[in-house]
$ cat model.pdb   # PDB, C-alpha atoms
ATOM      1  CA  LEU B 536       8.305 -10.590  24.636
ATOM      2  CA  LYS B 537      11.027 -13.200  24.582
ATOM      3  CA  ASN B 538      12.433 -14.541  21.363
ATOM      4  CA  LEU B 539       9.910 -16.985  19.885
ATOM      5  CA  SER B 540      12.454 -19.766  19.416
ATOM      6  CA  LEU B 541      13.573 -19.427  23.061
ATOM      7  CA  LEU B 542      10.017 -19.603  24.363
ATOM      8  CA  LEU B 543       9.311 -22.642  22.246
ATOM      9  CA  LYS B 544      12.501 -24.266  23.498
ATOM     10  CA  GLU B 545      11.492 -23.590  27.101
ATOM     11  CA  SER B 546       8.198 -25.370  26.468
ATOM     12  CA  HIS B 547       9.977 -28.492  25.245
ATOM     13  CA  GLN B 548      11.013 -30.002  28.541
ATOM     14  CA  ASP B 549      10.521 -33.551  27.344
ATOM     15  CA  ASP B 550      13.405 -34.603  25.052
ATOM     16  CA  ARG B 551      11.058 -36.958  23.220
ATOM     17  CA  MET B 552       9.086 -33.984  21.896
ATOM     18  CA  SER B 553      10.260 -31.628  19.212
ATOM     19  CA  ARG B 554       7.180 -29.454  19.449
ATOM     20  CA  LEU B 555       4.183 -29.022  21.736
ATOM     21  CA  LYS B 556       0.839 -27.502  20.906
ATOM     22  CA  GLU B 557      -1.625 -26.718  23.650
ATOM     23  CA  VAL B 558      -4.958 -26.034  21.982
ATOM     24  CA  GLY B 559      -8.003 -25.344  24.142
ATOM     25  CA  ILE B 560     -11.093 -26.911  22.532
ATOM     26  CA  PHE B 561     -14.428 -27.163  24.302
ATOM     27  CA  GLY B 562     -12.789 -26.608  27.713
ATOM     28  CA  PHE B 563     -10.019 -29.165  27.268
ATOM     29  CA  VAL B 564      -6.357 -28.838  26.350
ATOM     30  CA  VAL B 565      -5.379 -31.095  23.486
ATOM     31  CA  PHE B 566      -1.707 -31.938  23.138
ATOM     32  CA  LEU B 567      -0.387 -32.663  19.653
ATOM     33  CA  LEU B 568       3.070 -34.184  19.213
ATOM     34  CA  LEU B 569       4.877 -33.427  15.998
ATOM     35  CA  PRO B 570       7.953 -35.057  14.428
ATOM     36  CA  GLN B 571      11.501 -34.115  15.315
ATOM     37  CA  ASN B 572      13.927 -32.178  13.110
ATOM     38  CA  LEU B 573      11.457 -29.580  11.925
ATOM     39  CA  ALA B 574      12.900 -27.105   9.445
ATOM     40  CA  ALA B 575      13.475 -23.505  10.504
ATOM     41  CA  SER B 576      10.534 -22.427   8.383
ATOM     42  CA  SER B 577       8.139 -24.972   9.901
ATOM     43  CA  ASN B 578       4.979 -24.068  11.750
ATOM     44  CA  GLN B 579       5.663 -23.326  15.422
ATOM     45  CA  ILE B 580       2.908 -22.550  17.888
ATOM     46  CA  VAL B 581       2.174 -22.651  21.591
ATOM     47  CA  VAL B 582      -1.406 -22.019  22.737
ATOM     48  CA  LYS B 583      -1.956 -21.560  26.449
ATOM     49  CA  VAL B 584      -5.266 -21.193  28.265
ATOM     50  CA  ASP B 585      -4.875 -19.546  31.662
ATOM     51  CA  ASP B 586      -6.576 -16.952  33.855
ATOM     52  CA  GLY B 587      -9.432 -16.375  31.431
ATOM     53  CA  GLN B 588      -7.204 -15.849  28.420
ATOM     54  CA  ARG B 589      -6.370 -18.005  25.401
ATOM     55  CA  CYS B 590      -2.968 -16.884  24.158
ATOM     56  CA  PHE B 591      -1.190 -17.778  20.934
ATOM     57  CA  LEU B 592       2.560 -17.544  20.474
ATOM     58  CA  THR B 593       3.413 -18.435  16.893
ATOM     59  CA  ASN B 594       5.717 -17.787  13.970
ATOM     60  CA  GLY B 595       2.796 -17.503  11.554
ATOM     61  CA  ILE B 596       4.070 -20.245   9.248
ATOM     62  CA  PRO B 597       1.227 -22.546   8.078
ATOM     63  CA  ASP B 598       1.268 -26.260   8.905
ATOM     64  CA  HIS B 599       0.093 -27.242   5.430
ATOM     65  CA  PRO B 600       1.055 -26.784   1.774
ATOM     66  CA  THR B 601       0.690 -23.334   0.231
ATOM     67  CA  GLY B 602       0.700 -21.896  -3.246
ATOM     68  CA  ASP B 603       3.848 -20.459  -4.803
ATOM     69  CA  PHE B 604       4.895 -17.062  -3.505
ATOM     70  CA  PRO B 605       5.856 -14.687  -4.991
ATOM     71  CA  ASN B 606       3.421 -15.119  -7.866
ATOM     72  CA  ARG B 607       1.948 -12.971 -10.627
ATOM     73  CA  GLY B 608      -0.675 -11.465  -8.375
ATOM     74  CA  ASN B 609       1.399 -11.273  -5.188
ATOM     75  CA  PRO B 610       5.080 -10.200  -5.113
ATOM     76  CA  ASN B 611       5.690 -11.155  -1.479
ATOM     77  CA  THR B 612       7.533 -14.070   0.140
ATOM     78  CA  ILE B 613       6.294 -15.947   3.216
ATOM     79  CA  SER B 614       8.535 -15.256   6.196
ATOM     80  CA  GLU B 615       8.513 -16.090   9.895
ATOM     81  CA  GLN B 616       6.790 -13.650  12.229
ATOM     82  CA  GLU B 617       6.703 -13.148  15.991
ATOM     83  CA  ILE B 618       3.001 -13.149  16.834
ATOM     84  CA  HIS B 619       1.738 -13.052  20.418
ATOM     85  CA  VAL B 620      -2.011 -12.485  20.768
ATOM     86  CA  CYS B 621      -4.629 -13.261  23.400
ATOM     87  CA  VAL B 622      -8.430 -13.480  23.479
ATOM     88  CA  THR B 623     -10.861 -13.961  26.313
ATOM     89  CA  THR B 624     -12.182 -17.444  27.071
ATOM     90  CA  SER B 625     -15.510 -15.959  28.200
ATOM     91  CA  PRO B 626     -16.763 -13.763  25.351
ATOM     92  CA  ILE B 627     -19.978 -11.770  25.789
ATOM     93  CA  LYS B 628     -22.148 -10.772  22.831
ATOM     94  CA  LYS B 629     -23.048  -7.082  22.881
ATOM     95  CA  GLN B 630     -25.790  -5.202  21.073
ATOM     96  CA  SER B 631     -23.350  -3.091  19.068
ATOM     97  CA  ILE B 632     -20.738  -4.240  16.575
ATOM     98  CA  THR B 633     -17.100  -3.375  15.929
ATOM     99  CA  GLN B 634     -16.124  -3.075  12.274
ATOM    100  CA  ILE B 635     -12.945  -4.973  11.441
ATOM    101  CA  ARG B 636     -10.292  -3.197   9.375
ATOM    102  CA  GLY B 637      -7.278  -5.338  10.218
ATOM    103  CA  THR B 638      -6.817  -8.755  11.783
ATOM    104  CA  LEU B 639     -10.105 -10.518  12.530
ATOM    105  CA  GLY B 640      -8.812 -13.528  14.424
ATOM    106  CA  ILE B 641      -6.361 -16.385  14.478
ATOM    107  CA  ALA B 642      -6.612 -19.968  13.263
ATOM    108  CA  ILE B 643      -5.831 -22.975  15.421
ATOM    109  CA  ASN B 644      -2.530 -23.330  13.526
ATOM    110  CA  GLY B 645      -1.448 -19.751  14.271
ATOM    111  CA  VAL B 646      -2.194 -18.247  10.853
ATOM    112  CA  GLN B 647      -4.203 -15.034  11.016
ATOM    113  CA  PHE B 648      -7.579 -14.282   9.453
ATOM    114  CA  ARG B 649      -7.612 -10.922   7.652
ATOM    115  CA  PRO B 650     -10.789 -10.393   5.587
ATOM    116  CA  ASN B 651     -10.091  -6.990   4.061
ATOM    117  CA  THR B 652      -7.534  -5.589   1.636
ATOM    118  CA  ALA B 653      -5.636  -2.315   1.614
ATOM    119  CA  GLY B 654      -6.911  -1.403  -1.853
ATOM    120  CA  SER B 655      -9.712   0.896  -2.942
ATOM    121  CA  TRP B 656     -10.961   2.368  -6.210
ATOM    122  CA  ASP B 657      -8.342   4.522  -7.893
ATOM    123  CA  PRO B 658      -9.066   5.602 -11.490
ATOM    124  CA  TYR B 659      -5.476   6.841 -11.842
ATOM    125  CA  SER B 660      -3.933   3.465 -10.995
ATOM    126  CA  ARG B 661      -3.055   0.972 -13.724
ATOM    127  CA  ARG B 662      -4.940  -1.745 -11.839
ATOM    128  CA  GLY B 663      -7.902   0.496 -11.093
ATOM    129  CA  HIS B 664      -7.249   0.345  -7.350
ATOM    130  CA  SER B 665      -4.470   1.260  -4.951
ATOM    131  CA  ARG B 666      -3.672   1.849  -1.288
ATOM    132  CA  HIS B 667      -4.331   5.552  -1.822
ATOM    133  CA  GLY B 668      -7.690   5.295  -3.577
ATOM    134  CA  ASP B 669     -11.218   6.330  -2.655
ATOM    135  CA  ARG B 670     -12.048   4.575   0.635
ATOM    136  CA  ASN B 671     -15.753   4.821  -0.164
ATOM    137  CA  TRP B 672     -15.140   1.930  -2.574
ATOM    138  CA  THR B 673     -12.932  -0.731  -0.993
ATOM    139  CA  ILE B 674     -11.755  -3.778  -2.928
ATOM    140  CA  ASP B 675     -13.061  -7.206  -1.963
ATOM    141  CA  ILE B 676     -10.291  -9.662  -2.712
ATOM    142  CA  PHE B 677     -12.640 -12.231  -4.249
ATOM    143  CA  GLY B 678     -13.929  -9.616  -6.673
ATOM    144  CA  ALA B 679     -10.504  -8.315  -7.651
ATOM    145  CA  ARG B 680      -8.891  -9.369 -10.914
ATOM    146  CA  GLY B 681      -6.514 -12.242 -10.142
ATOM    147  CA  ARG B 682      -7.698 -12.199  -6.520
ATOM    148  CA  LEU B 683      -4.398 -10.550  -5.571
ATOM    149  CA  GLY B 684      -2.549 -13.845  -5.857
ATOM    150  CA  LEU B 685      -4.671 -15.939  -3.477
ATOM    151  CA  ASP B 686      -3.596 -19.577  -3.357
ATOM    152  CA  PHE B 687      -5.751 -22.722  -3.018
ATOM    153  CA  ASN B 688      -6.129 -21.984   0.715
ATOM    154  CA  ASN B 689      -7.728 -18.611  -0.027
ATOM    155  CA  ALA B 690      -4.616 -17.051   1.453
ATOM    156  CA  HIS B 691      -1.766 -14.854   0.304
ATOM    157  CA  VAL B 692       1.170 -12.884   1.718
ATOM    158  CA  GLY B 693       1.368  -9.326   3.012
ATOM    159  CA  ARG B 694       4.242  -6.956   2.374
ATOM    160  CA  GLY B 695       5.871  -7.954   5.662
ATOM    161  CA  GLY B 696       5.809 -11.662   4.777
ATOM    162  CA  LEU B 697       2.683 -12.505   6.787
ATOM    163  CA  TYR B 698       0.765 -15.432   5.258
ATOM    164  CA  HIS B 699      -2.927 -14.986   6.104
ATOM    165  CA  TYR B 700      -6.363 -16.311   5.199
ATOM    166  CA  HIS B 701      -9.107 -14.365   3.408
ATOM    167  CA  GLY B 702     -11.631 -17.202   3.159
ATOM    168  CA  VAL B 703     -12.079 -20.927   3.718
ATOM    169  CA  PRO B 704      -8.617 -22.285   4.679
ATOM    170  CA  THR B 705      -8.903 -25.390   2.516
ATOM    171  CA  SER B 706      -5.841 -27.311   3.674
ATOM    172  CA  LEU B 707      -6.422 -26.523   7.350
ATOM    173  CA  LEU B 708     -10.011 -27.705   6.950
ATOM    174  CA  LYS B 709      -8.773 -31.045   5.642
ATOM    175  CA  LYS B 710      -6.479 -31.446   8.663
ATOM    176  CA  SER B 711      -8.985 -30.339  11.292
ATOM    177  CA  ALA B 712     -10.896 -32.987  13.216
ATOM    178  CA  SER B 713     -13.857 -30.648  13.755
ATOM    179  CA  SER B 714     -15.536 -27.559  12.329
ATOM    180  CA  LEU B 715     -13.564 -25.347  14.720
ATOM    181  CA  LEU B 716     -10.906 -23.453  12.748
ATOM    182  CA  GLY B 717      -9.965 -20.596  15.040
ATOM    183  CA  TYR B 718     -10.954 -17.751  17.339
ATOM    184  CA  ALA B 719     -12.089 -14.225  16.601
ATOM    185  CA  GLY B 720     -10.518 -11.231  18.316
ATOM    186  CA  ASP B 721     -13.443 -11.050  20.736
ATOM    187  CA  GLY B 722     -12.960 -14.679  21.844
ATOM    188  CA  PHE B 723     -15.874 -16.305  20.014
ATOM    189  CA  GLU B 724     -15.055 -19.420  18.012
ATOM    190  CA  ILE B 725     -14.768 -19.443  14.209
ATOM    191  CA  HIS B 726     -16.261 -22.453  12.408
ATOM    192  CA  TYR B 727     -16.857 -23.730   8.907
ATOM    193  CA  VAL B 728     -19.877 -25.935   8.275
ATOM    194  CA  LYS B 729     -20.229 -26.790   4.586
ATOM    195  CA  ASP B 730     -23.799 -26.456   3.282
ATOM    196  CA  GLY B 731     -24.936 -25.720   6.806
ATOM    197  CA  LYS B 732     -24.922 -21.951   7.273
ATOM    198  CA  GLN B 733     -25.933 -19.244   4.816
ATOM    199  CA  SER B 734     -24.741 -15.668   4.699
ATOM    200  CA  GLY B 735     -27.352 -12.936   4.926
ATOM    201  CA  TRP B 736     -25.425 -10.670   2.544
ATOM    202  CA  ALA B 737     -26.410 -10.154  -1.111
ATOM    203  CA  LEU B 738     -25.307  -8.140  -4.138
ATOM    204  CA  LYS B 739     -27.130  -4.873  -4.574
ATOM    205  CA  LYS B 740     -29.269  -4.565  -7.680
ATOM    206  CA  GLY B 741     -28.694  -2.001 -10.401
ATOM    207  CA  ASN B 742     -25.752   0.326 -10.980
ATOM    208  CA  ARG B 743     -23.410   2.251  -8.729
ATOM    209  CA  PRO B 744     -24.551   5.878  -8.503
ATOM    210  CA  SER B 745     -21.021   7.299  -8.234
ATOM    211  CA  GLY B 746     -17.366   6.344  -8.103
ATOM    212  CA  PRO B 747     -16.593   3.279 -10.224
ATOM    213  CA  LEU B 748     -19.701   3.404 -12.386
ATOM    214  CA  GLY B 749     -21.245   0.205 -13.660
ATOM    215  CA  MET B 750     -23.239  -2.664 -12.235
ATOM    216  CA  TYR B 751     -22.803  -3.891  -8.701
ATOM    217  CA  ASP B 752     -20.688  -6.965  -9.463
ATOM    218  CA  GLY B 753     -18.852  -7.753  -6.231
ATOM    219  CA  THR B 754     -15.616  -5.935  -7.018
ATOM    220  CA  TYR B 755     -16.142  -3.708  -3.996
ATOM    221  CA  ASN B 756     -17.392  -4.410  -0.493
ATOM    222  CA  GLU B 757     -19.877  -1.609  -0.990
ATOM    223  CA  ASP B 758     -21.508  -3.670  -3.774
ATOM    224  CA  TYR B 759     -23.117  -5.785  -1.058
ATOM    225  CA  VAL B 760     -25.951  -5.155   1.366
ATOM    226  CA  TYR B 761     -27.041  -7.139   4.394
ATOM    227  CA  GLU B 762     -30.582  -8.453   3.856
ATOM    228  CA  GLY B 763     -30.761 -11.124   6.539
ATOM    229  CA  GLY B 764     -33.765 -13.393   6.447
ATOM    230  CA  GLU B 765     -34.968 -16.555   8.158
ATOM    231  CA  GLY B 766     -32.194 -19.050   8.761
ATOM    232  CA  LYS B 767     -29.479 -16.620   7.657
ATOM    233  CA  LEU B 768     -26.414 -15.608   9.642
ATOM    234  CA  ASP B 769     -26.286 -12.141  11.211
ATOM    235  CA  GLN B 770     -24.375  -9.247   9.668
ATOM    236  CA  CYS B 771     -21.130 -10.395  11.315
ATOM    237  CA  ASN B 772     -21.577 -13.934   9.911
ATOM    238  CA  GLY B 773     -22.495 -15.189  13.357
ATOM    239  CA  GLY B 774     -25.100 -17.673  14.470
ATOM    240  CA  ASN B 775     -25.924 -20.574  16.743
ATOM    241  CA  LEU B 776     -23.957 -23.803  16.832
ATOM    242  CA  ARG B 777     -24.786 -26.460  19.382
ATOM    243  CA  GLY B 778     -26.418 -23.893  21.645
ATOM    244  CA  LYS B 779     -23.741 -21.199  21.587
ATOM    245  CA  TYR B 780     -22.958 -18.132  19.510
ATOM    246  CA  VAL B 781     -20.052 -18.515  17.065
ATOM    247  CA  TYR B 782     -18.846 -16.970  13.816
ATOM    248  CA  PHE B 783     -18.818 -18.824  10.517
ATOM    249  CA  ILE B 784     -16.641 -18.822   7.436
ATOM    250  CA  THR B 785     -18.874 -19.033   4.370
ATOM    251  CA  ASP B 786     -18.416 -19.860   0.693
ATOM    252  CA  THR B 787     -20.128 -16.596  -0.291
ATOM    253  CA  TYR B 788     -19.677 -12.979   0.751
ATOM    254  CA  PRO B 789     -18.515 -11.903   3.284
ATOM    255  CA  PHE B 790     -16.503 -15.190   3.434
ATOM    256  CA  LEU B 791     -14.968 -14.098   6.774
ATOM    257  CA  PRO B 792     -16.776 -11.894   9.296
ATOM    258  CA  ARG B 793     -16.221  -8.183   8.690
ATOM    259  CA  CYS B 794     -17.414  -7.164  12.152
ATOM    260  CA  LEU B 795     -17.509  -8.610  15.671
ATOM    261  CA  TYR B 796     -20.153  -8.494  18.400
ATOM    262  CA  GLY B 797     -17.914  -8.950  21.440
ATOM    263  CA  GLU B 798     -15.252  -6.833  23.109
ATOM    264  CA  VAL B 799     -12.288  -7.022  20.727
ATOM    265  CA  SER B 800      -8.866  -7.683  22.230
ATOM    266  CA  ASN B 801      -6.312  -4.937  21.663
ATOM    267  CA  ASP B 802      -4.179  -7.556  19.926
ATOM    268  CA  PHE B 803      -6.625  -7.615  17.010
ATOM    269  CA  ASN B 804      -8.187  -5.266  14.454
ATOM    270  CA  ARG B 805      -4.736  -3.891  13.712
ATOM    271  CA  SER B 806      -3.501  -3.045  10.236
ATOM    272  CA  ARG B 807      -0.290  -4.880  11.108
ATOM    273  CA  HIS B 808       0.282  -7.935  13.289
ATOM    274  CA  ARG B 809       1.788  -7.400  16.711
TER     275      ARG B 809
END

$ encode --input "model.pdb" --output "structure tokens"
Amino acid sequence: LKNLSLLLKESHQDDRMSRLKEVGIFGFVVFLLLPQNLAASSNQIVVKVDDGQRCFLTNGIPDHPTGDFPNRGNPNTISEQEIHVCVTTSPIKKQSITQIRGTLGIAINGVQFRPNTAGSWDPYSRRGHSRHGDRNWTIDIFGARGRLGLDFNNAHVGRGGLYHYHGVPTSLLKKSASSLLGYAGDGFEIHYVKDGKQSGWALKKGNRPSGPLGMYDGTYNEDYVYEGGEGKLDQCNGGNLRGKYVYFITDTYPFLPRCLYGEVSNDFNRSRHR
């Protein structure tokens, strides 16, 4: 993989352009011209659709305002990455699912979607959870105290400086001209349709039988159960949009899909970005 800055420079053959985005949407390539003299920490992305693959080369820096990092709930600083990932342009929905433990997908601005956290119940930790806790009870970030420093984009920063989304990317949504916000690791589109799609997941009733005793309150992913129902999204937060299968970001659990129905690219479902 060449240096990201060099590849971006090679794509800028026209001196009138300081940056070029090639974003494949509904079979077309949309070219977006951005102003000159971008700062070193500005969003940089090239998206190329070729030979059945949609590939993203990006520095992972968002193209919108973020919260302050480090902050009380997150000690990490946003830093540039070298991310090169590809997904198929012809996804096929299978009968079986793949559980997602790492990166779910990538947004149209090059920021990654990562629904899960590294924490799980740990009665010996000051916070009550840690990276070395009981994996039978994994922390959901929206149920954690302080939400692990999430900003107003439902995003925060990993230990390696990777800014990533855990839910509705508010600022990106405001900038987007459509409901399309990104692509999952299996190639299916990721959309957000406010008040249009409902999750089929619900809080369990009663108390936890073991581990972190107490009522099911949403602190842990295992506090939820998929119930489905008429008009609800499937267990991977997928459903029909304009005659095709896509995934949805929702305002309620699971927020982002936690599983995928297609063949997941090797570039995704990793604990660390490539």

$ resolve_selection --input "model.pdb" --expression "the PyMOL selection byres ((chain B and resi 598-610) around 12)" --output "ChimeraX atom specification"
/B:569,573-574,576-580,593-597,611-614,642-646,662,676,679-700,704-711

$ atom_distance --input "model.pdb" --atom1 "CA of Val703 in chain B" --atom2 "CA of Lys767 in chain B"
18.4 Å

$ atom_distance --input "model.pdb" --atom1 "CA of Pro747 in chain B" --atom2 "CA of Gly663 in chain B"
9.2 Å

$ resolve_selection --input "model.pdb" --expression "the PyMOL selection byres ((chain B and resi 765) around 12)" --output "list in words"
Lys732, Gln733, Ser734, Gly735, Glu762, Gly763, Gly764, Gly766, Lys767, Leu768, Asp769 and Gly774 of chain B

$ closest_residue --input "model.pdb" --among "B:Gly749, B:Gly637, B:Pro792, B:Pro650" --to "Glu724 in chain B" --atoms "only C-alpha atoms"
B:Pro792

$ closest_residue --input "model.pdb" --among "B:Ser631, B:Thr787, B:Asn671, B:Thr638" --to "Asp657 in chain B" --atoms "all atoms listed in the file"
B:Asn671

$ atom_distance --input "model.pdb" --atom1 "CA of Arg743 in chain B" --atom2 "CA of Leu791 in chain B"
24.1 Å

$ closest_residue --input "model.pdb" --among "B:Thr633, B:Asn756, B:Asn651, B:Gln588" --to "Cys621 in chain B" --atoms "only C-alpha atoms"
B:Gln588

$ residues_around --input "model.pdb" --residues "Pro744 in chain B" --least-positions-apart "5" --cutoff "12 Å" --atoms "only C-alpha atoms" --output "list in words"
Trp672, Lys739, Gly749, Met750, Tyr751, Glu757 and Asp758 of chain B

$ resolve_selection --input "model.pdb" --expression "the PyMOL selection byres ((chain B and resi 800) around 10)" --output "list in words"
Val620, Cys621, Val622, Thr623, Gly640, Ala719, Gly720, Asp721, Gly722, Gly797, Glu798, Val799, Asn801, Asp802, Phe803 and Asn804 of chain B

$ closest_residue --input "model.pdb" --among "B:Tyr755, B:Leu738, B:Cys590, B:Gly731" --to "Ala653 in chain B" --atoms "only C-alpha atoms"
B:Tyr755

$ closest_residue --input "model.pdb" --among "B:Gly678, B:Gly753, B:Gly654, B:Gly773" --to "Cys794 in chain B" --atoms "all atoms listed in the file"
B:Gly773

$ closest_residue --input "model.pdb" --among "B:Asp585, B:Phe677, B:Ser660, B:Ile627" --to "Tyr780 in chain B" --atoms "all atoms listed in the file"
B:Ile627

$ residues_around --input "model.pdb" --residues "Ser655 in chain B" --least-positions-apart "5" --cutoff "9 Å" --atoms "only C-alpha atoms" --output "PDB file with C-alpha atoms, in the frame of the given file"
ATOM      1  CA  GLY B 663      -7.902   0.496 -11.093  1.00  0.00           C
ATOM      2  CA  HIS B 664      -7.249   0.345  -7.350  1.00  0.00           C
ATOM      3  CA  SER B 665      -4.470   1.260  -4.951  1.00  0.00           C
ATOM      4  CA  ARG B 666      -3.672   1.849  -1.288  1.00  0.00           C
ATOM      5  CA  HIS B 667      -4.331   5.552  -1.822  1.00  0.00           C
ATOM      6  CA  GLY B 668      -7.690   5.295  -3.577  1.00  0.00           C
ATOM      7  CA  ASP B 669     -11.218   6.330  -2.655  1.00  0.00           C
ATOM      8  CA  ARG B 670     -12.048   4.575   0.635  1.00  0.00           C
ATOM      9  CA  ASN B 671     -15.753   4.821  -0.164  1.00  0.00           C
ATOM     10  CA  TRP B 672     -15.140   1.930  -2.574  1.00  0.00           C
ATOM     11  CA  THR B 673     -12.932  -0.731  -0.993  1.00  0.00           C
ATOM     12  CA  ILE B 674     -11.755  -3.778  -2.928  1.00  0.00           C
ATOM     13  CA  ASP B 675     -13.061  -7.206  -1.963  1.00  0.00           C
ATOM     14  CA  TYR B 755     -16.142  -3.708  -3.996  1.00  0.00           C
TER      15      TYR B 755
END

$ build_atoms --input "model.pdb" --residues "range 645-658 of chain B" --atoms "N, CA, C and O atoms" --output "compact mmCIF listing (two decimals), in the coordinates of the input"
# COMPACT_ATOMS: atom_id res chain seq x y z
N GLY B 645 -2.23 -20.97 14.08
CA GLY B 645 -1.45 -19.75 14.27
C GLY B 645 -1.43 -18.80 13.09
O GLY B 645 -0.79 -17.75 13.17
N VAL B 646 -2.10 -19.14 12.00
CA VAL B 646 -2.19 -18.25 10.85
C VAL B 646 -3.36 -17.29 11.07
O VAL B 646 -4.43 -17.70 11.54
N GLN B 647 -3.18 -16.04 10.73
CA GLN B 647 -4.20 -15.03 11.02
C GLN B 647 -5.28 -14.98 9.93
O GLN B 647 -5.03 -15.27 8.77
N PHE B 648 -6.47 -14.57 10.36
CA PHE B 648 -7.58 -14.28 9.45
C PHE B 648 -7.64 -12.77 9.24
O PHE B 648 -7.77 -12.01 10.21
N ARG B 649 -7.56 -12.35 7.98
CA ARG B 649 -7.61 -10.92 7.65
C ARG B 649 -8.54 -10.74 6.45
O ARG B 649 -8.13 -10.94 5.31
N PRO B 650 -9.80 -10.37 6.67
CA PRO B 650 -10.79 -10.39 5.59
C PRO B 650 -10.65 -9.28 4.56
O PRO B 650 -11.05 -9.46 3.40
N ASN B 651 -10.09 -8.15 4.95
CA ASN B 651 -10.09 -6.99 4.06
C ASN B 651 -8.76 -6.83 3.32
O ASN B 651 -7.78 -7.50 3.63
N THR B 652 -8.75 -5.93 2.36
CA THR B 652 -7.53 -5.59 1.64
C THR B 652 -7.21 -4.12 1.87
O THR B 652 -8.03 -3.37 2.41
N ALA B 653 -6.03 -3.71 1.46
CA ALA B 653 -5.64 -2.32 1.61
C ALA B 653 -6.07 -1.48 0.42
O ALA B 653 -5.91 -0.26 0.43
N GLY B 654 -6.62 -2.10 -0.62
CA GLY B 654 -6.91 -1.40 -1.85
C GLY B 654 -8.30 -0.80 -1.92
O GLY B 654 -9.25 -1.30 -1.32
N SER B 655 -8.42 0.27 -2.66
CA SER B 655 -9.71 0.90 -2.94
C SER B 655 -9.67 1.52 -4.33
O SER B 655 -8.60 1.67 -4.93
N TRP B 656 -10.84 1.87 -4.84
CA TRP B 656 -10.96 2.37 -6.21
C TRP B 656 -10.05 3.57 -6.46
O TRP B 656 -10.05 4.53 -5.71
N ASP B 657 -9.25 3.45 -7.51
CA ASP B 657 -8.34 4.52 -7.89
C ASP B 657 -8.28 4.58 -9.42
O ASP B 657 -7.60 3.79 -10.06
N PRO B 658 -9.02 5.53 -10.03
CA PRO B 658 -9.07 5.60 -11.49
C PRO B 658 -7.73 5.97 -12.13
O PRO B 658 -7.56 5.82 -13.34
